[in-house]
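Asks: One structure, as structure tokens, below. Some questions next.
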Amino acid sequence: MRGVSARTRLLSVDDAAEVAGVLAAERAFMAPYEPLRADAFYTAEGQREVLRLRLERHEAGHEVPRAIVDDAGAVVGGITLQAIERGPYLSCSLGYWVAEAVGGRGYASQAVAEMLAEAFGPQALHRVQAVTLLDNLRSQRVLAKNGFTHIGTAPRLLHLAGAWRDHHLFQRLAD
């Protein structure tokens, strides 16, 4: 991983087929971490619509959707600053995922570092929040490596894999 200048890049509608292919291949691996989704979500057409909406939110200043890429530039995951709020809050949520085959290789850690630079630099935010399932130790290590602090546990926070699931809450402040 050393010497790699950028692990993320802004997503484009032109990425729809590649993103759909990765998501379809990772569907079983990602199932415990995702809401139940219609089959159309895993198609190029479905991802084209998802990306179009995400890029509209990006243009409006509410989201920064990026692909996580390998050294050859292939999409191996995604990372997003979402629900960006201005005013006295100056905060957002961070969400990310990587393909099972690249887990543990530093892709997520580097991508999170890049997104924090975006959040605290160009976005001028004060706080970034992230959540993990209680047993998602890999993701918790990624957050710890990037200076996030555990701030609590939220019972039944998100409806994932068909059930309301408890999550650990983490934050990183600009200062």
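Chain labels A, B, ... are given in the sequence in which chains occur in the structure tokens; within each chain residues are numbered consecutively from 1, and ligands are likewise numbered from 1 in the order shown.
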Pick out the residues sitting within 10 Å of range 154-171 of chain A, and hand them over as a ChimeraX atom specification; count only C-alpha atoms, and ignore anything fewer than 6 positions along from it in its own chain.
Replies: /A:30-37,91-94,127-136,140,143-144,147-148
Asks: Since we have the selection now, will you write its residues out, keeping N, CA and C atoms, as a PDB file, in the first residue's frame?
Replies:
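What follows is the written file selection-v6.pdb:
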```pdb
ATOM      1  N   MET A  30     -21.666  -9.405   1.865  1.00  0.00           N
ATOM      2  CA  MET A  30     -22.179  -8.145   2.403  1.00  0.00           C
ATOM      3  C   MET A  30     -23.547  -8.285   3.078  1.00  0.00           C
ATOM      4  N   ALA A  31     -24.231  -9.391   2.876  1.00  0.00           N
ATOM      5  CA  ALA A  31     -25.603  -9.558   3.363  1.00  0.00           C
ATOM      6  C   ALA A  31     -25.799  -9.198   4.840  1.00  0.00           C
ATOM      7  N   PRO A  32     -24.924  -9.588   5.763  1.00  0.00           N
ATOM      8  CA  PRO A  32     -25.162  -9.243   7.170  1.00  0.00           C
ATOM      9  C   PRO A  32     -25.076  -7.744   7.469  1.00  0.00           C
ATOM     10  N   TYR A  33     -24.452  -6.984   6.563  1.00  0.00           N
ATOM     11  CA  TYR A  33     -24.186  -5.564   6.796  1.00  0.00           C
ATOM     12  C   TYR A  33     -25.103  -4.636   6.010  1.00  0.00           C
ATOM     13  N   GLU A  34     -25.999  -5.191   5.229  1.00  0.00           N
ATOM     14  CA  GLU A  34     -26.806  -4.405   4.306  1.00  0.00           C
ATOM     15  C   GLU A  34     -28.297  -4.598   4.554  1.00  0.00           C
ATOM     16  N   PRO A  35     -29.110  -3.588   4.183  1.00  0.00           N
ATOM     17  CA  PRO A  35     -30.557  -3.817   4.186  1.00  0.00           C
ATOM     18  C   PRO A  35     -30.913  -4.826   3.099  1.00  0.00           C
ATOM     19  N   LEU A  36     -32.077  -5.434   3.210  1.00  0.00           N
ATOM     20  CA  LEU A  36     -32.548  -6.311   2.139  1.00  0.00           C
ATOM     21  C   LEU A  36     -32.785  -5.456   0.902  1.00  0.00           C
ATOM     22  N   ARG A  37     -32.326  -5.939  -0.230  1.00  0.00           N
ATOM     23  CA  ARG A  37     -32.423  -5.156  -1.461  1.00  0.00           C
ATOM     24  C   ARG A  37     -33.062  -5.986  -2.571  1.00  0.00           C
ATOM     25  N   SER A  91     -21.437  18.378  10.428  1.00  0.00           N
ATOM     26  CA  SER A  91     -21.182  16.974  10.686  1.00  0.00           C
ATOM     27  C   SER A  91     -21.683  16.120   9.532  1.00  0.00           C
ATOM     28  N   CYS A  92     -21.225  14.856   9.522  1.00  0.00           N
ATOM     29  CA  CYS A  92     -21.696  13.901   8.529  1.00  0.00           C
ATOM     30  C   CYS A  92     -21.508  12.491   9.064  1.00  0.00           C
ATOM     31  N   SER A  93     -22.030  11.541   8.318  1.00  0.00           N
ATOM     32  CA  SER A  93     -21.815  10.128   8.602  1.00  0.00           C
ATOM     33  C   SER A  93     -20.907   9.554   7.535  1.00  0.00           C
ATOM     34  N   LEU A  94     -20.083   8.612   7.929  1.00  0.00           N
ATOM     35  CA  LEU A  94     -19.174   7.925   7.022  1.00  0.00           C
ATOM     36  C   LEU A  94     -19.625   6.482   6.885  1.00  0.00           C
ATOM     37  N   ARG A 127     -17.203  17.283  12.588  1.00  0.00           N
ATOM     38  CA  ARG A 127     -17.366  15.940  13.138  1.00  0.00           C
ATOM     39  C   ARG A 127     -17.744  14.949  12.044  1.00  0.00           C
ATOM     40  N   VAL A 128     -17.177  13.755  12.134  1.00  0.00           N
ATOM     41  CA  VAL A 128     -17.548  12.639  11.265  1.00  0.00           C
ATOM     42  C   VAL A 128     -17.957  11.487  12.172  1.00  0.00           C
ATOM     43  N   GLN A 129     -19.124  10.935  11.923  1.00  0.00           N
ATOM     44  CA  GLN A 129     -19.641   9.811  12.699  1.00  0.00           C
ATOM     45  C   GLN A 129     -19.610   8.553  11.845  1.00  0.00           C
ATOM     46  N   ALA A 130     -19.352   7.417  12.480  1.00  0.00           N
ATOM     47  CA  ALA A 130     -19.431   6.121  11.808  1.00  0.00           C
ATOM     48  C   ALA A 130     -20.048   5.132  12.779  1.00  0.00           C
ATOM     49  N   VAL A 131     -20.705   4.115  12.240  1.00  0.00           N
ATOM     50  CA  VAL A 131     -21.298   3.073  13.075  1.00  0.00           C
ATOM     51  C   VAL A 131     -20.858   1.718  12.542  1.00  0.00           C
ATOM     52  N   THR A 132     -20.771   0.737  13.451  1.00  0.00           N
ATOM     53  CA  THR A 132     -20.473  -0.635  13.047  1.00  0.00           C
ATOM     54  C   THR A 132     -21.384  -1.584  13.810  1.00  0.00           C
ATOM     55  N   LEU A 133     -21.653  -2.714  13.227  1.00  0.00           N
ATOM     56  CA  LEU A 133     -22.301  -3.778  13.985  1.00  0.00           C
ATOM     57  C   LEU A 133     -21.389  -4.147  15.148  1.00  0.00           C
ATOM     58  N   LEU A 134     -21.953  -4.643  16.222  1.00  0.00           N
ATOM     59  CA  LEU A 134     -21.182  -4.948  17.419  1.00  0.00           C
ATOM     60  C   LEU A 134     -20.034  -5.914  17.147  1.00  0.00           C
ATOM     61  N   ASP A 135     -20.235  -6.863  16.241  1.00  0.00           N
ATOM     62  CA  ASP A 135     -19.213  -7.870  15.983  1.00  0.00           C
ATOM     63  C   ASP A 135     -18.317  -7.575  14.781  1.00  0.00           C
ATOM     64  N   ASN A 136     -18.414  -6.376  14.209  1.00  0.00           N
ATOM     65  CA  ASN A 136     -17.603  -6.033  13.048  1.00  0.00           C
ATOM     66  C   ASN A 136     -16.252  -5.466  13.523  1.00  0.00           C
ATOM     67  N   GLN A 140     -14.103  -1.807  13.094  1.00  0.00           N
ATOM     68  CA  GLN A 140     -13.751  -1.064  14.307  1.00  0.00           C
ATOM     69  C   GLN A 140     -12.251  -0.769  14.340  1.00  0.00           C
ATOM     70  N   LEU A 143     -11.500   2.123  11.976  1.00  0.00           N
ATOM     71  CA  LEU A 143     -11.851   3.402  12.582  1.00  0.00           C
ATOM     72  C   LEU A 143     -10.832   3.808  13.646  1.00  0.00           C
ATOM     73  N   ALA A 144     -10.412   2.878  14.482  1.00  0.00           N
ATOM     74  CA  ALA A 144      -9.423   3.180  15.523  1.00  0.00           C
ATOM     75  C   ALA A 144      -8.116   3.665  14.897  1.00  0.00           C
ATOM     76  N   GLY A 147      -8.225   7.306  14.177  1.00  0.00           N
ATOM     77  CA  GLY A 147      -8.458   8.259  15.260  1.00  0.00           C
ATOM     78  C   GLY A 147      -9.882   8.414  15.719  1.00  0.00           C
ATOM     79  N   PHE A 148     -10.767   7.494  15.341  1.00  0.00           N
ATOM     80  CA  PHE A 148     -12.152   7.558  15.815  1.00  0.00           C
ATOM     81  C   PHE A 148     -12.213   7.091  17.266  1.00  0.00           C
TER      82      PHE A 148
END
```
Asks: List as an NGL selection string the protein and nucleic acid residues near range 60-70 of chain A, meaning an atom at most 6 Å away when only C-alpha atoms are counted, but skip any in the same chain fewer than 6 places from it.
Replies: :A and (7-11 or 76-84)
Asks: Save the residues we just selected, N, CA and C atoms, as a short mmCIF file (atom, residue, chain, number, x, y, z; two decimals), in the first residue's frame?
Replies:
```cif
data_model
loop_
_atom_site.label_atom_id
_atom_site.label_comp_id
_atom_site.auth_asym_id
_atom_site.auth_seq_id
_atom_site.Cartn_x
_atom_site.Cartn_y
_atom_site.Cartn_z
N ARG A 7 -6.47 6.25 -3.02
CA ARG A 7 -7.20 4.99 -2.92
C ARG A 7 -8.65 5.19 -3.30
N THR A 8 -9.11 6.46 -3.40
CA THR A 8 -10.50 6.73 -3.74
C THR A 8 -10.58 7.71 -4.90
N ARG A 9 -11.73 7.67 -5.55
CA ARG A 9 -12.05 8.65 -6.60
C ARG A 9 -13.56 8.84 -6.62
N LEU A 10 -13.98 10.00 -7.05
CA LEU A 10 -15.40 10.30 -7.14
C LEU A 10 -16.08 9.30 -8.07
N LEU A 11 -17.21 8.78 -7.64
CA LEU A 11 -17.98 7.88 -8.49
C LEU A 11 -18.61 8.65 -9.64
N VAL A 76 -13.05 -1.78 -5.90
CA VAL A 76 -13.04 -2.88 -4.93
C VAL A 76 -13.86 -2.53 -3.70
N GLY A 77 -14.56 -1.39 -3.74
CA GLY A 77 -15.38 -0.98 -2.61
C GLY A 77 -15.95 0.41 -2.84
N GLY A 78 -16.60 0.91 -1.81
CA GLY A 78 -17.17 2.24 -1.87
C GLY A 78 -17.08 2.90 -0.51
N ILE A 79 -17.05 4.23 -0.53
CA ILE A 79 -16.97 5.00 0.70
C ILE A 79 -17.69 6.33 0.47
N THR A 80 -18.43 6.76 1.47
CA THR A 80 -19.25 7.96 1.29
C THR A 80 -19.30 8.79 2.57
N LEU A 81 -19.13 10.10 2.40
CA LEU A 81 -19.54 11.04 3.43
C LEU A 81 -20.99 11.34 3.09
N GLN A 82 -21.90 11.03 4.00
CA GLN A 82 -23.32 11.19 3.70
C GLN A 82 -24.00 11.99 4.79
N ALA A 83 -25.19 12.45 4.49
CA ALA A 83 -25.98 13.26 5.43
C ALA A 83 -25.15 14.44 5.94
N ILE A 84 -24.45 15.10 5.02
CA ILE A 84 -23.64 16.26 5.40
C ILE A 84 -24.58 17.38 5.82
#
```
Asks: Step one, run DSSP on the backbone; step two, keep only residues of range 24-171 of chain A assigned to strand (DSSP E); then write them as a PyMOL selection string.
Replies: chain A and resi 64-69+75-85+91-98+127-133+149-160+163-171
Asks: My list of candidates is A:Tyr42, A:Tyr89, A:Phe29, A:Tyr96. Which is closest to Val142 in chain A when distances are computed with only C-alpha atoms?
Replies: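 Answer, going by the shortest atom-to-atom distance: A:Tyr96.
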Asks: Quick one: pull the distance between CA of Ala24 in chain A and CA of Asp71 in chain A, Å, one decimal.
Replies: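 CA of Asp71 in chain A lies 21.5 Å from CA of Ala24 in chain A.
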Asks: For Val98 in chain A, which of A:Arg86, A:Arg27, A:Arg172, A:His58 is the closest residue, counting only C-alpha atoms?
Replies: A:Arg27
